[in-house]
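Data file: input-v2.txt. Format and content: compact mmCIF, C-alpha atoms.
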```txt
# COMPACT_ATOMS: atom_id res chain seq x y z
CA MET A 1126 -37.47 19.29 87.00
CA GLU A 1127 -35.38 21.60 89.16
CA GLN A 1128 -33.14 22.46 86.18
CA LYS A 1129 -36.16 23.36 84.03
CA THR A 1130 -37.42 25.68 86.74
CA LYS A 1131 -34.05 27.39 86.99
CA ARG A 1132 -33.90 27.74 83.22
CA ARG A 1133 -37.31 29.39 83.16
CA LEU A 1134 -36.27 31.77 85.91
CA TYR A 1135 -33.17 32.76 83.93
CA ASP A 1136 -35.34 33.32 80.85
CA PHE A 1137 -37.64 35.71 82.73
CA LEU A 1138 -34.87 37.43 84.72
CA PRO A 1139 -34.33 40.32 82.22
CA TRP A 1140 -38.06 41.05 82.22
CA ILE A 1141 -38.22 40.96 86.01
CA LEU A 1142 -35.31 43.41 86.26
CA ALA A 1143 -36.85 45.73 83.66
CA PHE A 1144 -40.18 45.83 85.53
CA ALA A 1145 -38.36 46.46 88.81
CA VAL A 1146 -36.46 49.44 87.38
CA LEU A 1147 -39.63 50.82 85.80
CA ALA A 1148 -41.53 50.47 89.07
CA ALA A 1149 -38.77 52.21 91.00
CA PHE A 1150 -38.66 55.07 88.51
CA THR A 1151 -42.45 55.44 88.56
CA LEU A 1152 -42.44 55.49 92.36
CA PHE A 1153 -39.69 58.17 92.38
CA VAL A 1154 -41.57 60.39 89.92
CA PHE A 1155 -44.83 59.96 91.81
CA VAL A 1156 -43.23 60.80 95.15
CA TYR A 1157 -41.36 63.81 93.73
CA ARG A 1158 -44.38 65.21 91.92
CA GLU A 1159 -46.61 64.80 94.90
CA GLY A 1160 -44.08 66.62 97.05
CA ALA A 1161 -43.88 63.85 99.61
CA ASN A 1162 -40.80 65.59 101.09
CA PRO A 1163 -41.67 69.31 101.20
CA PHE A 1164 -38.60 70.18 103.27
CA GLU A 1165 -36.30 68.94 100.51
CA THR A 1166 -38.19 70.84 97.82
CA GLN A 1167 -38.23 73.99 99.91
CA PHE A 1168 -34.52 73.71 100.65
CA MET A 1169 -33.81 73.16 96.95
CA LYS A 1170 -35.72 76.30 95.97
CA VAL A 1171 -34.03 78.45 98.60
CA ASN A 1172 -30.63 77.13 97.57
CA LEU A 1173 -31.29 77.81 93.88
CA LEU A 1174 -32.47 81.36 94.61
CA SER A 1175 -29.37 82.06 96.71
CA THR A 1176 -27.16 80.70 93.95
CA MET A 1177 -28.92 82.87 91.37
CA LYS A 1178 -28.36 86.01 93.44
CA ILE A 1179 -24.66 85.26 93.83
CA HIS A 1180 -24.10 84.56 90.13
CA LEU A 1181 -26.12 87.60 89.14
CA LEU A 1182 -23.84 89.79 91.24
CA GLU A 1183 -20.82 88.13 89.61
CA ALA A 1184 -22.27 88.82 86.15
CA VAL A 1185 -22.88 92.49 86.96
CA GLU A 1186 -19.37 92.95 88.36
CA ALA A 1187 -17.69 91.25 85.39
CA GLU A 1188 -19.73 93.35 82.97
CA LYS A 1189 -18.63 96.57 84.69
CA ASN A 1190 -15.01 95.44 84.47
CA ALA A 1191 -15.47 94.74 80.76
CA VAL A 1192 -16.77 98.27 80.25
CA LEU A 1193 -13.90 99.84 82.22
CA ALA A 1194 -11.11 97.72 80.69
CA ILE A 1195 -8.77 99.65 78.41
CA THR A 1196 -7.46 96.76 76.29
CA ASP A 1197 -9.26 94.35 73.97
CA GLU A 1198 -7.83 91.36 75.83
CA ALA A 1199 -9.07 92.54 79.22
CA SER A 1200 -12.49 93.51 77.85
CA GLU A 1201 -12.96 90.15 76.17
CA ASP A 1202 -11.80 88.27 79.28
CA PHE A 1203 -14.25 90.10 81.56
CA ALA A 1204 -17.02 89.78 78.96
CA ALA A 1205 -16.48 86.01 78.93
CA GLN A 1206 -16.69 85.95 82.73
CA ALA A 1207 -19.92 87.96 82.62
CA ARG A 1208 -21.47 85.57 80.10
CA GLN A 1209 -20.42 82.52 82.13
CA ALA A 1210 -21.95 83.95 85.30
CA ALA A 1211 -25.16 84.78 83.41
CA ASP A 1212 -25.25 81.20 82.07
CA ARG A 1213 -25.06 79.90 85.65
CA VAL A 1214 -27.99 82.14 86.60
CA GLU A 1215 -29.91 80.78 83.62
CA ASN A 1216 -29.22 77.15 84.56
CA SER A 1217 -30.51 77.71 88.11
CA ARG A 1218 -33.48 79.67 86.77
CA LYS A 1219 -34.54 76.73 84.63
CA GLU A 1220 -34.29 74.36 87.59
CA ILE A 1221 -36.38 76.43 89.97
CA GLU A 1222 -38.85 77.32 87.23
CA SER A 1223 -39.57 73.64 86.63
CA ILE A 1224 -40.22 73.12 90.35
CA ILE A 1225 -42.42 76.19 90.79
CA TYR A 1226 -44.44 75.53 87.65
CA ARG A 1227 -44.96 71.92 88.73
CA GLU A 1228 -46.20 72.94 92.19
CA LYS A 1229 -48.50 75.61 90.68
CA LEU A 1230 -48.54 77.84 93.75
CA PRO A 1231 -50.08 81.11 92.49
CA ARG A 1232 -47.85 83.57 94.33
CA GLU A 1233 -44.59 81.80 93.47
CA THR A 1234 -45.69 81.28 89.87
CA GLY A 1235 -46.52 84.97 89.50
CA MET A 1236 -43.18 86.05 90.93
CA MET A 1237 -41.36 83.54 88.74
CA ASN A 1238 -43.04 85.03 85.69
CA GLU A 1239 -42.06 88.49 86.87
CA PHE A 1240 -38.42 87.47 87.22
CA ASN A 1241 -38.44 85.76 83.81
CA SER A 1242 -39.55 89.03 82.19
CA CYS A 1243 -36.91 91.04 84.05
CA TRP A 1244 -34.22 88.47 83.30
CA SER A 1245 -35.05 88.46 79.59
CA HIS A 1246 -34.63 92.23 79.49
CA TYR A 1247 -31.38 91.95 81.45
CA LYS A 1248 -29.85 89.41 79.05
CA LYS A 1249 -30.64 91.45 75.93
CA LEU A 1250 -29.20 94.63 77.44
CA ASP A 1251 -26.20 92.76 78.84
CA GLU A 1252 -25.28 91.37 75.43
CA THR A 1253 -25.59 94.82 73.87
CA ILE A 1254 -23.28 96.31 76.49
CA LEU A 1255 -20.70 93.53 76.24
CA ASN A 1256 -20.62 93.75 72.44
CA LEU A 1257 -20.05 97.50 72.66
CA ALA A 1258 -17.46 97.26 75.44
CA THR A 1259 -15.30 94.72 73.62
CA GLN A 1260 -15.02 96.98 70.55
CA ASN A 1261 -13.17 99.64 72.60
CA THR A 1262 -13.41 102.23 69.83
CA ASN A 1263 -12.94 105.29 72.05
CA PHE A 1264 -9.85 103.84 73.69
CA LYS A 1265 -8.49 102.82 70.29
CA ALA A 1266 -9.08 106.31 68.92
CA GLN A 1267 -7.32 107.84 71.92
CA LYS A 1268 -4.37 105.48 71.54
CA ILE A 1269 -3.93 106.28 67.83
CA SER A 1270 -4.13 109.99 68.56
CA ALA A 1271 -1.65 109.83 71.44
CA THR A 1272 0.90 107.65 69.65
CA GLN A 1273 0.86 107.51 65.85
CA CYS A 1274 -0.67 110.95 65.32
CA ALA A 1275 1.69 112.49 67.85
CA GLU A 1276 4.68 110.91 66.08
CA GLU A 1277 3.62 112.26 62.68
CA MET A 1278 3.03 115.70 64.15
CA GLN A 1279 6.51 115.63 65.62
CA ARG A 1280 8.02 114.75 62.22
CA PHE A 1281 5.94 117.48 60.58
CA GLU A 1282 7.05 120.08 63.11
CA GLU A 1283 10.72 119.09 62.95
CA SER A 1284 10.74 119.32 59.15
CA LEU A 1285 9.14 122.77 59.10
CA ASN A 1286 11.37 124.00 61.92
CA ARG A 1287 14.44 123.13 59.86
CA LEU A 1288 12.95 125.03 56.96
CA ILE A 1289 12.14 128.02 59.20
CA GLN A 1290 15.68 128.12 60.54
CA ARG A 1291 17.14 128.16 57.01
CA TYR A 1292 14.88 130.98 55.85
CA THR A 1293 15.07 133.21 58.91
CA HIS A 1294 17.61 136.02 58.35
CA ARG A 1295 18.53 138.42 61.14
CA SER A 1296 15.21 137.75 62.93
CA GLN A 1297 13.29 138.81 59.84
CA CYS A 1298 10.49 136.58 58.54
CA ASN A 1299 9.94 136.04 54.82
CA ASP A 1300 7.11 134.23 53.01
CA ALA A 1301 8.61 130.78 53.63
CA VAL A 1302 8.70 131.36 57.37
CA MET A 1303 5.19 132.84 57.49
CA HIS A 1304 3.63 129.98 55.52
CA SER A 1305 5.50 127.43 57.64
CA TYR A 1306 4.07 128.91 60.83
CA GLU A 1307 0.60 128.99 59.28
CA ALA A 1308 0.84 125.29 58.43
CA LEU A 1309 2.12 124.44 61.90
CA THR A 1310 -0.58 126.42 63.69
CA ALA A 1311 -3.40 124.93 61.62
CA SER A 1312 -2.15 121.35 62.01
CA LEU A 1313 -1.77 121.74 65.78
CA ASN A 1314 -5.38 122.96 65.93
CA VAL A 1315 -6.48 119.81 64.10
CA PHE A 1316 -4.52 117.69 66.58
CA ALA A 1317 -6.00 119.54 69.57
CA LEU A 1318 -9.54 118.72 68.38
CA HIS A 1319 -8.98 114.95 68.60
CA LYS A 1320 -9.59 114.81 72.35
CA PRO A 1321 -12.91 116.70 72.49
CA HIS A 1322 -14.20 114.64 69.55
CA ILE A 1323 -13.30 111.34 71.27
CA GLU A 1324 -14.98 112.44 74.51
CA GLU A 1325 -18.09 113.88 72.86
CA THR A 1326 -21.34 111.86 72.94
CA ASP A 1327 -23.62 114.09 70.89
CA ASP A 1328 -23.61 113.60 67.10
CA GLN A 1329 -24.34 117.25 66.32
CA ALA A 1330 -21.49 118.40 68.56
CA MET A 1331 -19.18 115.96 66.77
CA ASP A 1332 -20.36 117.39 63.44
CA GLN A 1333 -19.29 120.84 64.58
CA ILE A 1334 -15.88 119.59 65.72
CA GLU A 1335 -15.35 117.88 62.37
CA GLN A 1336 -16.24 121.10 60.55
CA ARG A 1337 -13.55 122.90 62.53
CA ILE A 1338 -11.06 120.11 61.74
CA GLN A 1339 -11.88 120.46 58.06
CA PHE A 1340 -11.41 124.24 58.27
CA TYR A 1341 -7.95 123.95 59.86
CA ASP A 1342 -6.99 121.15 57.48
CA GLU A 1343 -7.74 123.41 54.52
CA LEU A 1344 -5.63 126.17 56.07
CA ALA A 1345 -2.71 123.79 56.60
CA ARG A 1346 -2.89 122.45 53.04
CA LYS A 1347 -3.18 125.97 51.64
CA ALA A 1348 -0.05 127.04 53.55
CA LEU A 1349 1.86 123.96 52.36
CA GLY A 1350 0.75 124.67 48.81
CA SER A 1351 2.00 128.24 49.11
CA LEU A 1352 5.37 126.94 50.31
CA ASP A 1353 5.58 124.54 47.40
CA ARG A 1354 5.07 127.40 44.94
CA LEU A 1355 7.87 129.52 46.37
CA GLU A 1356 11.05 129.70 44.35
CA GLY A 1357 13.57 127.10 45.41
CA LEU A 1358 11.17 125.10 47.62
CA SER A 1359 9.36 122.85 45.13
CA ASP A 1360 12.07 120.20 45.50
CA ASP A 1361 13.06 121.00 49.09
CA GLU A 1362 13.65 117.82 51.12
CA ASP A 1363 12.34 119.31 54.38
CA LEU A 1364 9.15 120.48 52.70
CA LYS A 1365 8.63 117.08 51.09
CA ALA A 1366 9.14 115.40 54.46
CA ALA A 1367 6.66 117.80 56.07
CA GLU A 1368 4.04 117.19 53.39
CA ALA A 1369 4.43 113.41 53.72
CA ALA A 1370 4.16 113.56 57.51
CA TYR A 1371 1.06 115.76 57.30
CA GLY A 1372 -0.58 113.39 54.81
CA ARG A 1373 -0.04 110.43 57.15
CA PHE A 1374 -1.28 112.52 60.09
CA MET A 1375 -4.55 113.34 58.33
CA ASP A 1376 -5.06 109.69 57.29
CA LEU A 1377 -4.72 108.73 60.95
CA THR A 1378 -7.00 111.61 61.95
CA ARG A 1379 -9.76 110.21 59.74
CA GLU A 1380 -9.39 106.85 61.47
CA VAL A 1381 -9.54 108.55 64.87
CA LEU A 1382 -12.77 110.29 63.87
CA ARG A 1383 -14.28 107.07 62.51
CA LEU A 1384 -13.58 105.15 65.72
CA SER A 1385 -14.67 108.09 67.85
CA ARG A 1386 -17.99 108.26 65.98
CA LEU A 1387 -18.82 104.68 67.03
CA ASN A 1388 -18.55 105.75 70.68
CA THR A 1389 -18.73 102.15 71.93
CA ASN A 1390 -16.99 102.78 75.25
CA ILE A 1391 -19.11 105.79 76.09
CA LYS A 1392 -22.35 104.09 75.01
CA SER A 1393 -21.58 100.92 76.97
CA ALA A 1394 -20.71 102.96 80.07
CA GLU A 1395 -23.95 104.94 79.83
CA LEU A 1396 -26.03 101.76 79.48
CA SER A 1397 -24.12 100.02 82.27
CA LEU A 1398 -24.57 102.86 84.74
CA GLY A 1399 -28.12 103.64 83.63
CA LYS A 1400 -30.62 101.07 82.36
CA LYS A 1401 -28.53 98.00 83.22
CA ARG A 1402 -28.08 99.06 86.82
CA LEU A 1403 -31.83 99.53 87.31
CA ILE A 1404 -32.75 96.22 85.67
CA ALA A 1405 -30.11 94.27 87.61
CA SER A 1406 -31.40 95.81 90.84
CA GLN A 1407 -34.97 94.90 89.91
CA CYS A 1408 -33.98 91.28 89.22
CA GLN A 1409 -32.23 91.07 92.60
CA GLU A 1410 -35.29 92.48 94.37
CA ILE A 1411 -37.58 89.91 92.73
CA LEU A 1412 -35.25 87.08 93.73
CA ALA A 1413 -35.15 88.35 97.32
CA ALA A 1414 -38.94 88.63 97.46
CA LEU A 1415 -39.36 85.16 95.94
CA LYS A 1416 -36.97 83.74 98.51
CA GLU A 1417 -39.02 85.31 101.30
CA THR A 1418 -42.14 83.78 99.79
CA VAL A 1419 -40.59 80.33 99.48
CA GLN A 1420 -39.17 80.10 103.01
CA PRO A 1421 -42.35 80.42 105.12
CA GLN A 1422 -44.41 78.25 102.79
CA GLY A 1423 -47.11 76.08 104.40
CA ASN A 1424 -47.03 74.43 107.79
CA TYR A 1425 -43.63 72.90 107.08
CA SER A 1426 -41.70 76.13 106.64
CA LEU A 1427 -38.15 76.31 107.81
CA PRO A 1428 -37.72 77.86 111.28
CA ARG A 1429 -37.37 81.65 111.07
CA SER A 1430 -35.13 83.58 113.42
CA LYS A 1431 -36.67 85.84 115.98
CA LYS A 1432 -36.80 89.55 115.31
CA GLY A 1433 -33.44 91.16 115.90
CA ILE A 1434 -31.59 87.83 115.97
CA GLU A 1435 -29.56 86.74 112.97
```
Could the structure of this file be written out as structure tokens, please?
Amino acid sequence: MEQKTKRRLYDFLPWILAFAVLAAFTLFVFVYREGANPFETQFMKVNLLSTMKIHLLEAVEAEKNAVLAITDEASEDFAAQARQAADRVENSRKEIESIIYREKLPRETGMMNEFNSCWSHYKKLDETILNLATQNTNFKAQKISATQCAEEMQRFEESLNRLIQRYTHRSQCNDAVMHSYEALTASLNVFALHKPHIEETDDQAMDQIEQRIQFYDELARKALGSLDRLEGLSDDEDLKAAEAAYGRFMDLTREVLRLSRLNTNIKSAELSLGKKRLIASQCQEILAALKETVQPQGNYSLPRSKKGIE
């Protein structure tokens, strides 16, 4: 008889355990939903809001560093940090949103909705800025101009200077010397216009700079063509070297202008210092106001320090 009873108990044991777990879970959900421990809920909300403010500041700082970085590697590293910090804000936002929406307190719910709208705007603008910053087109244009273009200009100048020295007789200039100086002057004017184009933000102003570049390019090519038609210069090695260097220089110039036109560094900096700064500040203000609303809630609010005492 005793063995049969034990056997029956063993048969029902899994069901008993299952009902016990279910009852415990139901009791936990009921207690949590009913807010049986308001101090814990309040502390959780305050802690989440503080965490959100900290991570939001981290995201803003990393985004600024991504905009200011001068290499692709640094920009991408800071952009990744900015996205990670924003993800941490989002995770905390979801947690506190679930609590506030469950409690259905009108003031907190309204402020939560206000932050959600601000945060949505922040994330869209943040992604735009980070995508622009990591392209680094202005910095890339400047680097090409300062290195590869400068090298080709040096080769161009050295080749024409050798030609000038060979065709200068007793300080008298002939056609070869005159056309060489014309080509040099025009090409240096093209080179000098790289910098203002890279720094310019207005499309119409860039159009005007490109028109001037085209004008000087035509002058340089015309002068080189005149040199090529002079007797004894059609097969000149220095002239051929100069023409090749100038061709490479203008190919690089077109790339400089293309990258400069994208203006990603300038656009990202303008957005970061303008719209993004205002929206980030607004999000921080909403979080601070929501924290002030959460702390004195009900009769069980956390003790507040006296005026003038931290």
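Nearest to Ala1210 in chain A of all the residues A:Glu1183, A:Glu1277, A:Asp1300, A:Asp1360 is A:Glu1183, counting all atoms listed in the file.
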Q: Find the residue from A:Met1169, A:Leu1255, A:Leu1285, A:Leu1387 that sits nearest to Asp1202 in chain A; use only C-alpha atoms when measuring.
A: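 Looking at the shortest contact to Asp1202 in chain A, the residue is A:Leu1255.
Using only C-alpha atoms, the smallest distance between any of A:Arg1383, A:His1180, A:Arg1208, A:Lys1248 and Gln1267 in chain A comes from A:Arg1383.
Of the listed residues (A:Lys1170, A:Thr1259, A:Ser1217, A:Thr1326), A:Thr1259 comes nearest to Ala1204 in chain A; the distances count all atoms listed in the file.
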Compile a residue-level contact table for range 1250-1278 of chain A against range 1392-1408 of chain A at a cut-off of 8 Å, reporting for every qualifying residue the shortest atom pair and its distance in Å to one decimal, with all atoms listed in the file counted, rows ordered by chain and ascending number, as CSV.
```
residue,atom,partner,partner_atom,distance
A:Leu1250,CA,A:Lys1401,CA,6.7
A:Asp1251,CA,A:Lys1401,CA,7.2
A:Thr1253,CA,A:Ser1393,CA,7.9
A:Ile1254,CA,A:Ser1393,CA,4.9
A:Leu1255,CA,A:Ser1393,CA,7.5
A:Leu1257,CA,A:Ser1393,CA,5.7
A:Ala1258,CA,A:Ser1393,CA,5.7
```
Output file for the selection above: C-alpha atoms, as a CSV table (one decimal), keeping the file's coordinate frame:
```csv
chain,number,residue,atom,x,y,z
A,1250,LEU,CA,-29.2,94.6,77.4
A,1251,ASP,CA,-26.2,92.8,78.8
A,1253,THR,CA,-25.6,94.8,73.9
A,1254,ILE,CA,-23.3,96.3,76.5
A,1255,LEU,CA,-20.7,93.5,76.2
A,1257,LEU,CA,-20.0,97.5,72.7
A,1258,ALA,CA,-17.5,97.3,75.4
```
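Between CA of Ala1205 in chain A and CA of Glu1324 in chain A lies a distance of 26.8 Å.
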Q) Given the choices A:Met1303, A:Ala1187, A:Val1315, A:Ile1411, which gets closest to Met1237 in chain A if the distance is worked out from all atoms listed in the file? A) A:Ile1411
Q) range 1307-1311 of chain A: which residues within 12 Å, counting all atoms listed in the file, same-chain residues fewer than 3 positions away excluded, as a PyMOL selection string? A) chain A and resi 1278-1286+1288-1289+1300-1304+1314-1318+1337-1352+1364+1367-1368+1370-1371
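Taking CA of Asp1353 in chain A as the reference point, CA of Lys1365 in chain A is found at 8.9 Å.
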Q. Which polymer residues have any atom within 12 Å of an atom of Ala1199 in chain A, counting all atoms listed in the file, with same-chain residues fewer than 2 positions away left out, as a list in words?
A. Ala1187, Glu1188, Lys1189, Asn1190, Ala1191, Val1192, Leu1193, Ala1194, Ile1195, Thr1196, Asp1197, Glu1201, Asp1202, Phe1203, Ala1204, Ala1205, Gln1206, Ala1258, Thr1259, Gln1260 and Asn1261 of chain A
Q) Excluding same-chain residues fewer than 5 positions from Arg1379 in chain A, what lies within 12 Å of it counting all atoms listed in the file, as a list in words? A)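 After dropping sequence-adjacent residues, the list is Ala1266, Ile1269, Ser1270, Cys1274, Val1315, Phe1316, His1319, His1322, Glu1335, Ile1338, Gln1339, Asp1342, Gly1372, Arg1373, Phe1374, Leu1384, Ser1385 and Arg1386 of chain A.
As for CA of Val1185 in chain A and CA of Asp1328 in chain A, they are spaced 29.0 Å apart.
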How big is the axis-aligned box around the listed atoms of range 1351-1354 of chain A once 3 Å is added on each side, and where is its centre? Give both in Å to one decimal, as lines of an AutoDock Vina configuration file.
```
center_x = 3.8
center_y = 126.4
center_z = 47.6
size_x = 9.6
size_y = 9.7
size_z = 11.4
```
Q: Compare A:Ile1224, A:Ala1207, A:Lys1229, A:Phe1240 by their minimum atom-to-atom distance to Ala1413 in chain A, counting all atoms listed in the file, and give me the closest one.
A: A:Phe1240
